[in-house]
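S.K.: For reference, the structure I am asking about is given below.
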Amino acid sequence: MAITGVGAVTPSGSTAPDLWQSVLHGRSGVTLLPAELTAGLSVRVGGLVGRYTEATGLPAPVARRLSPVQRWAIAAADEALADAGVDRRIGSLPWDPHRLCIIVATGSGPVDTVLQAASGFRDRGPRQVSPALVVFGTADATAGILSQRCGARGATQAVVAACASGAVGIGEGMRRIRHGYADAVLVVGMDDCMNPVHLAANANLRSLATGYADDPASASRPFDRSRSGFVMSQGAGAVLLEAENSARRRGARPQAVASGFGDTSDAHHPTAPHPDGNGAAAAIRACLADAGVSSDQVDHVNTHGTGTLLGDRAEIAALGHALGERAHSIPLTATKSSTGHLLGASGVIETIIAVMTLRDQQLPPTINLNDAEFGDWDFVRDLPRRHATQTVLSNSFGFGGHNAALLLTTA
């Protein structure tokens, strides 16, 4: 089905076009974090959202209760609908409202709302906990707000699959359209774990890159021998999936096609991927089969590429298993080297990047890859590469053994 609109609010750009230009030209969105976030930790860097265009028209009682990540998600959703030429005002939708679904993909939801409530309870007692916590502090709350915002009456829900959430959300949206439950699905990925508690948890797990205070832009180093962990970022992204006959009927021009999806589980470990990459490889194979595409037809891979020792090795193993002998000659990119890791939002953000890759026929580079552990693979490094590209494979994996793969093709 068609992708007719995209939107983003990220450390690498406050709109989807800004994000693409930043990633395409190898500019890093990673910066030094404020001391109050990292006190007592060896972690010093991360990706923070800067200035962006705030969504307008939210009812005041709702607006004042939203967390920043929810505001970013709504802004990204507004951008995606506008990009698709859709008037989001109630009564103006180009589809039957019962045929528009909304899926919010997130690893953790609006966690700052929960942390603030816990702090109030601890310091001032139970009467200080707002009842709004159970309304606006849940993973699915943003989906409900978006449905009310544009009058969408189709299924509205959250999808949670750790760092594979965004890709799974898009895959579930594809299935809703394919099976006839919807004409369009708005998929919004969002996450913000840039708080002292989550930074401490990940630091104690030794999953985050440490140091780099003097050069934050060099901290995210997927597939480099010196990598020491991922760099956490915050933000949101949105894509509008639409049945191709619906897009044609209203004169919308698809930007790309979401052609294939596959997801599996490792059933192996709470955090570590299976070292042989079999589960991830199975997701890739399922994705290609779903699209009716052979491994010989994959032109480019936007890897999950977080910069963890085990994760990068497992992904390379998976690509070798799934794509066969040709795998080493397919150009690979790890765009988290520029954006950092947006956790549950990353699959949506990287789908947007894949859409732009297909549109401009340019492969975005991997930065900070100075000493590749896998030197016989074709990594796009430092500068964009012009390349005839009809298909982009986008991988997303997550704690708990979640594996998801999407195939995007030219419209």
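Labels for the structure tokens follow display order: chains A, B, ..., residues from 1 in each chain, ligands from 1.
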Could you list, as a PyMOL selection string, every residue within 10 Å of Ser337 of chain A, counting only C-alpha atoms and ignoring same-chain residues fewer than 6 positions away?
M.R.: chain A and resi 23+26-30+217-223+230-231+305-307+365-369
S.K.: Residues within 8 Å of Leu19 of chain A, please, as an NGL selection string. Count only C-alpha atoms; anything in the same chain fewer than 6 positions from it doesn't count.
M.R.: :A and (8 or 10 or 12-13)
S.K.: Using C-alpha atoms, can you export the residues from the last selection as a compact mmCIF listing (two decimals), in the first residue's frame?
M.R.:
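The resulting file, part-v7.txt, is shown below:
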# COMPACT_ATOMS: atom_id res chain seq x y z
CA ALA A 8 8.92 13.92 12.09
CA THR A 10 13.62 14.52 16.06
CA SER A 12 18.14 15.59 13.66
CA GLY A 13 15.33 17.77 12.36
S.K.: Hey, which of A:Gly260, A:Gly400, A:Gly40, A:Gly5 ends up closest to Ala164 of chain A? Count only C-alpha atoms.
M.R.: A:Gly400
S.K.: For segment 331-362 of chain A versus segment 73-80 of chain A, which residues have an atom no more than 12 Å away, and what is each residue's nearest atom pair and distance in Å rounded to one decimal, using only C-alpha atoms, chain-then-number order, as a tab-separated table?
M.R.:
residue	atom	partner	partner_atom	distance
A:Ala345	CA	A:Ala73	CA	9.7
A:Val348	CA	A:Ala76	CA	10.9
A:Ile349	CA	A:Ala76	CA	10.6
A:Ile352	CA	A:Ala80	CA	10.4
S.K.: Tell me, as an NGL selection string, which residues lie within 9 Å of Leu24 of chain A, counting only C-alpha atoms; anything in the same chain fewer than 2 positions away does not count.
M.R.: :A and (19-22 or 26-27 or 335 or 353 or 357 or 362-365 or 383-384)
S.K.: Write down as a ChimeraX atom specification the residues of segment 148-335 of chain A whose backbone DSSP state falls under alpha helix (DSSP H).
M.R.: /A:148-150,165-178,196-204,244-249,278-291,309-323
S.K.: Any chance you can output those residues with C-alpha atoms as an mmCIF file, in the first residue's frame?
M.R.:
data_model
loop_
_atom_site.group_PDB
_atom_site.id
_atom_site.type_symbol
_atom_site.label_atom_id
_atom_site.label_comp_id
_atom_site.auth_asym_id
_atom_site.auth_seq_id
_atom_site.Cartn_x
_atom_site.Cartn_y
_atom_site.Cartn_z
ATOM 1 C CA GLN A 148 -10.629 12.798 18.533
ATOM 2 C CA ARG A 149 -8.491 15.424 16.802
ATOM 3 C CA CYS A 150 -9.470 14.310 13.295
ATOM 4 C CA SER A 165 7.621 -0.987 17.937
ATOM 5 C CA GLY A 166 7.657 1.478 15.041
ATOM 6 C CA ALA A 167 8.230 -1.179 12.389
ATOM 7 C CA VAL A 168 5.617 -3.460 13.952
ATOM 8 C CA GLY A 169 3.140 -0.570 14.013
ATOM 9 C CA ILE A 170 3.643 0.001 10.290
ATOM 10 C CA GLY A 171 3.356 -3.720 9.606
ATOM 11 C CA GLU A 172 0.100 -3.951 11.525
ATOM 12 C CA GLY A 173 -1.195 -0.930 9.631
ATOM 13 C CA MET A 174 -0.341 -2.644 6.342
ATOM 14 C CA ARG A 175 -2.268 -5.714 7.430
ATOM 15 C CA ARG A 176 -5.335 -3.681 8.400
ATOM 16 C CA ILE A 177 -5.498 -2.207 4.906
ATOM 17 C CA ARG A 178 -4.728 -5.480 3.127
ATOM 18 C CA PRO A 196 17.596 10.195 34.908
ATOM 19 C CA VAL A 197 15.785 6.939 35.746
ATOM 20 C CA HIS A 198 15.856 5.402 32.261
ATOM 21 C CA LEU A 199 19.341 6.688 31.531
ATOM 22 C CA ALA A 200 20.526 5.099 34.798
ATOM 23 C CA ALA A 201 18.805 1.797 34.001
ATOM 24 C CA ASN A 202 20.381 1.579 30.555
ATOM 25 C CA ALA A 203 23.745 2.738 31.847
ATOM 26 C CA ASN A 204 23.678 0.060 34.546
ATOM 27 C CA GLU A 244 -3.604 2.487 -3.450
ATOM 28 C CA ASN A 245 -7.118 2.731 -4.907
ATOM 29 C CA SER A 246 -7.995 5.270 -2.203
ATOM 30 C CA ALA A 247 -4.921 7.362 -3.015
ATOM 31 C CA ARG A 248 -5.788 7.282 -6.725
ATOM 32 C CA ARG A 249 -9.395 8.207 -6.076
ATOM 33 C CA ASN A 278 18.309 -16.725 13.007
ATOM 34 C CA GLY A 279 15.233 -14.951 14.375
ATOM 35 C CA ALA A 280 16.124 -11.698 12.627
ATOM 36 C CA ALA A 281 16.885 -13.591 9.426
ATOM 37 C CA ALA A 282 13.474 -15.256 9.601
ATOM 38 C CA ALA A 283 11.814 -11.824 9.886
ATOM 39 C CA ILE A 284 13.727 -10.615 6.822
ATOM 40 C CA ARG A 285 12.786 -13.705 4.824
ATOM 41 C CA ALA A 286 9.138 -13.329 5.846
ATOM 42 C CA CYS A 287 9.224 -9.682 4.797
ATOM 43 C CA LEU A 288 10.616 -10.489 1.355
ATOM 44 C CA ALA A 289 8.111 -13.313 0.883
ATOM 45 C CA ASP A 290 5.295 -10.979 1.901
ATOM 46 C CA ALA A 291 6.419 -8.525 -0.787
ATOM 47 C CA LEU A 309 28.623 -5.146 20.313
ATOM 48 C CA LEU A 310 26.208 -8.069 20.220
ATOM 49 C CA GLY A 311 23.423 -6.368 18.282
ATOM 50 C CA ASP A 312 25.562 -5.335 15.327
ATOM 51 C CA ARG A 313 27.133 -8.772 15.078
ATOM 52 C CA ALA A 314 23.757 -10.522 15.186
ATOM 53 C CA GLU A 315 22.369 -8.249 12.473
ATOM 54 C CA ILE A 316 25.288 -8.916 10.146
ATOM 55 C CA ALA A 317 24.812 -12.641 10.726
ATOM 56 C CA ALA A 318 21.092 -12.291 9.982
ATOM 57 C CA LEU A 319 21.717 -10.397 6.751
ATOM 58 C CA GLY A 320 24.151 -13.089 5.647
ATOM 59 C CA HIS A 321 21.614 -15.840 6.352
ATOM 60 C CA ALA A 322 18.662 -14.044 4.735
ATOM 61 C CA LEU A 323 20.307 -12.433 1.705
#
S.K.: Could you give me, as an NGL selection string, each residue of segment 164-409 of chain A that DSSP assigns to strand (DSSP E) when run on this structure's backbone?
M.R.: :A and (184-191 or 235-242 or 256-265 or 300-302 or 332-333 or 362-363 or 385-386 or 391-398 or 402-409)
S.K.: Keeping only C-alpha atoms, take the residues you just selected and write them out as a short mmCIF file (atom, residue, chain, number, x, y, z; two decimals), in the first residue's frame.
M.R.:
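As written to disk, result05.cif reads:
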data_model
loop_
_atom_site.label_atom_id
_atom_site.label_comp_id
_atom_site.auth_asym_id
_atom_site.auth_seq_id
_atom_site.Cartn_x
_atom_site.Cartn_y
_atom_site.Cartn_z
CA ALA A 184 -5.93 4.45 5.62
CA VAL A 185 -3.88 4.01 8.78
CA LEU A 186 -1.96 6.78 10.50
CA VAL A 187 1.05 5.21 12.26
CA VAL A 188 2.86 7.37 14.81
CA GLY A 189 6.07 6.26 16.54
CA MET A 190 7.10 8.07 19.72
CA ASP A 191 9.48 7.62 22.62
CA GLY A 235 11.35 12.14 19.30
CA ALA A 236 8.44 11.09 17.11
CA GLY A 237 7.65 10.22 13.51
CA ALA A 238 4.48 9.55 11.53
CA VAL A 239 3.57 7.89 8.24
CA LEU A 240 0.21 7.74 6.52
CA LEU A 241 -0.48 4.37 4.91
CA GLU A 242 -3.25 4.34 2.34
CA ALA A 256 6.67 5.06 -1.83
CA VAL A 257 5.00 1.70 -1.35
CA ALA A 258 5.07 -0.38 1.82
CA SER A 259 5.39 -3.76 0.12
CA GLY A 260 6.47 -6.28 2.73
CA PHE A 261 6.54 -6.94 6.47
CA GLY A 262 7.82 -9.76 8.62
CA ASP A 263 8.17 -10.15 12.38
CA THR A 264 9.45 -12.91 14.63
CA SER A 265 10.79 -13.52 18.13
CA HIS A 300 19.77 -1.21 -0.11
CA VAL A 301 19.49 -2.00 3.60
CA ASN A 302 18.88 0.59 6.29
CA LEU A 332 24.26 -0.85 3.95
CA THR A 333 23.55 2.25 6.01
CA GLN A 362 20.56 8.70 -2.81
CA LEU A 363 21.77 6.45 0.00
CA ARG A 385 25.95 7.75 -2.54
CA ARG A 386 23.92 7.98 -5.72
CA THR A 391 13.80 -1.48 -2.91
CA VAL A 392 14.95 -0.63 0.62
CA LEU A 393 14.96 -3.18 3.44
CA SER A 394 14.58 -1.54 6.86
CA ASN A 395 15.37 -3.63 9.95
CA SER A 396 14.23 -3.08 13.54
CA PHE A 397 15.06 -5.26 16.54
CA GLY A 398 14.38 -4.90 20.25
CA HIS A 402 11.53 -8.70 18.89
CA ASN A 403 12.50 -8.76 15.20
CA ALA A 404 10.77 -6.80 12.44
CA ALA A 405 11.61 -6.03 8.83
CA LEU A 406 9.92 -3.76 6.31
CA LEU A 407 10.41 -3.57 2.56
CA LEU A 408 9.79 -0.21 0.91
CA THR A 409 9.64 0.09 -2.87
#
S.K.: Can you measure atom CA of Gly91 of chain A to atom CA of Ala158 of chain A for me? One decimal in Å is fine.
M.R.: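 Between atom CA of Gly91 of chain A and atom CA of Ala158 of chain A the gap works out to 24.3 Å.
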S.K.: For Thr210 of chain A, work out the shell of residues within 9 Å, counting only C-alpha atoms and skipping chain neighbours fewer than 6 positions away, then give it as a ChimeraX atom specification.
M.R.: /A:41-45,203,219,228-229,231
S.K.: Write out, as a PDB file, in the first residue's frame, the residues just selected, with N, CA and C atoms.
M.R.:
ATOM      1  N   LEU A  41      26.436   9.353  36.494  1.00  0.00           N
ATOM      2  CA  LEU A  41      26.550   8.380  35.415  1.00  0.00           C
ATOM      3  C   LEU A  41      27.772   8.673  34.559  1.00  0.00           C
ATOM      4  N   SER A  42      28.246   7.644  33.853  1.00  0.00           N
ATOM      5  CA  SER A  42      29.331   7.838  32.887  1.00  0.00           C
ATOM      6  C   SER A  42      28.786   8.235  31.514  1.00  0.00           C
ATOM      7  N   VAL A  43      27.464   8.160  31.349  1.00  0.00           N
ATOM      8  CA  VAL A  43      26.821   8.569  30.092  1.00  0.00           C
ATOM      9  C   VAL A  43      26.770  10.088  30.042  1.00  0.00           C
ATOM     10  N   ARG A  44      27.147  10.665  28.922  1.00  0.00           N
ATOM     11  CA  ARG A  44      27.202  12.122  28.806  1.00  0.00           C
ATOM     12  C   ARG A  44      26.437  12.666  27.605  1.00  0.00           C
ATOM     13  N   VAL A  45      26.084  11.831  26.650  1.00  0.00           N
ATOM     14  CA  VAL A  45      25.542  12.344  25.387  1.00  0.00           C
ATOM     15  C   VAL A  45      24.223  11.677  25.026  1.00  0.00           C
ATOM     16  N   ALA A 203      22.317   2.650  31.528  1.00  0.00           N
ATOM     17  CA  ALA A 203      23.745   2.738  31.847  1.00  0.00           C
ATOM     18  C   ALA A 203      24.178   1.561  32.709  1.00  0.00           C
ATOM     19  N   ALA A 219      29.811   9.807  19.035  1.00  0.00           N
ATOM     20  CA  ALA A 219      29.502   8.771  20.022  1.00  0.00           C
ATOM     21  C   ALA A 219      28.775   7.570  19.432  1.00  0.00           C
ATOM     22  N   SER A 228      30.717   1.158  21.707  1.00  0.00           N
ATOM     23  CA  SER A 228      30.579   0.720  23.098  1.00  0.00           C
ATOM     24  C   SER A 228      29.134   0.709  23.566  1.00  0.00           C
ATOM     25  N   GLY A 229      28.185   0.960  22.666  1.00  0.00           N
ATOM     26  CA  GLY A 229      26.779   0.966  23.045  1.00  0.00           C
ATOM     27  C   GLY A 229      26.015   1.975  22.206  1.00  0.00           C
ATOM     28  N   VAL A 231      23.412   5.277  21.512  1.00  0.00           N
ATOM     29  CA  VAL A 231      23.193   6.630  22.010  1.00  0.00           C
ATOM     30  C   VAL A 231      21.694   6.878  22.008  1.00  0.00           C
TER      31      VAL A 231
END
S.K.: Atom CA of Thr31 of chain A and atom CA of Val9 of chain A are how many Å apart?
M.R.: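 Separation between atom CA of Thr31 of chain A and atom CA of Val9 of chain A: 16.1 Å.
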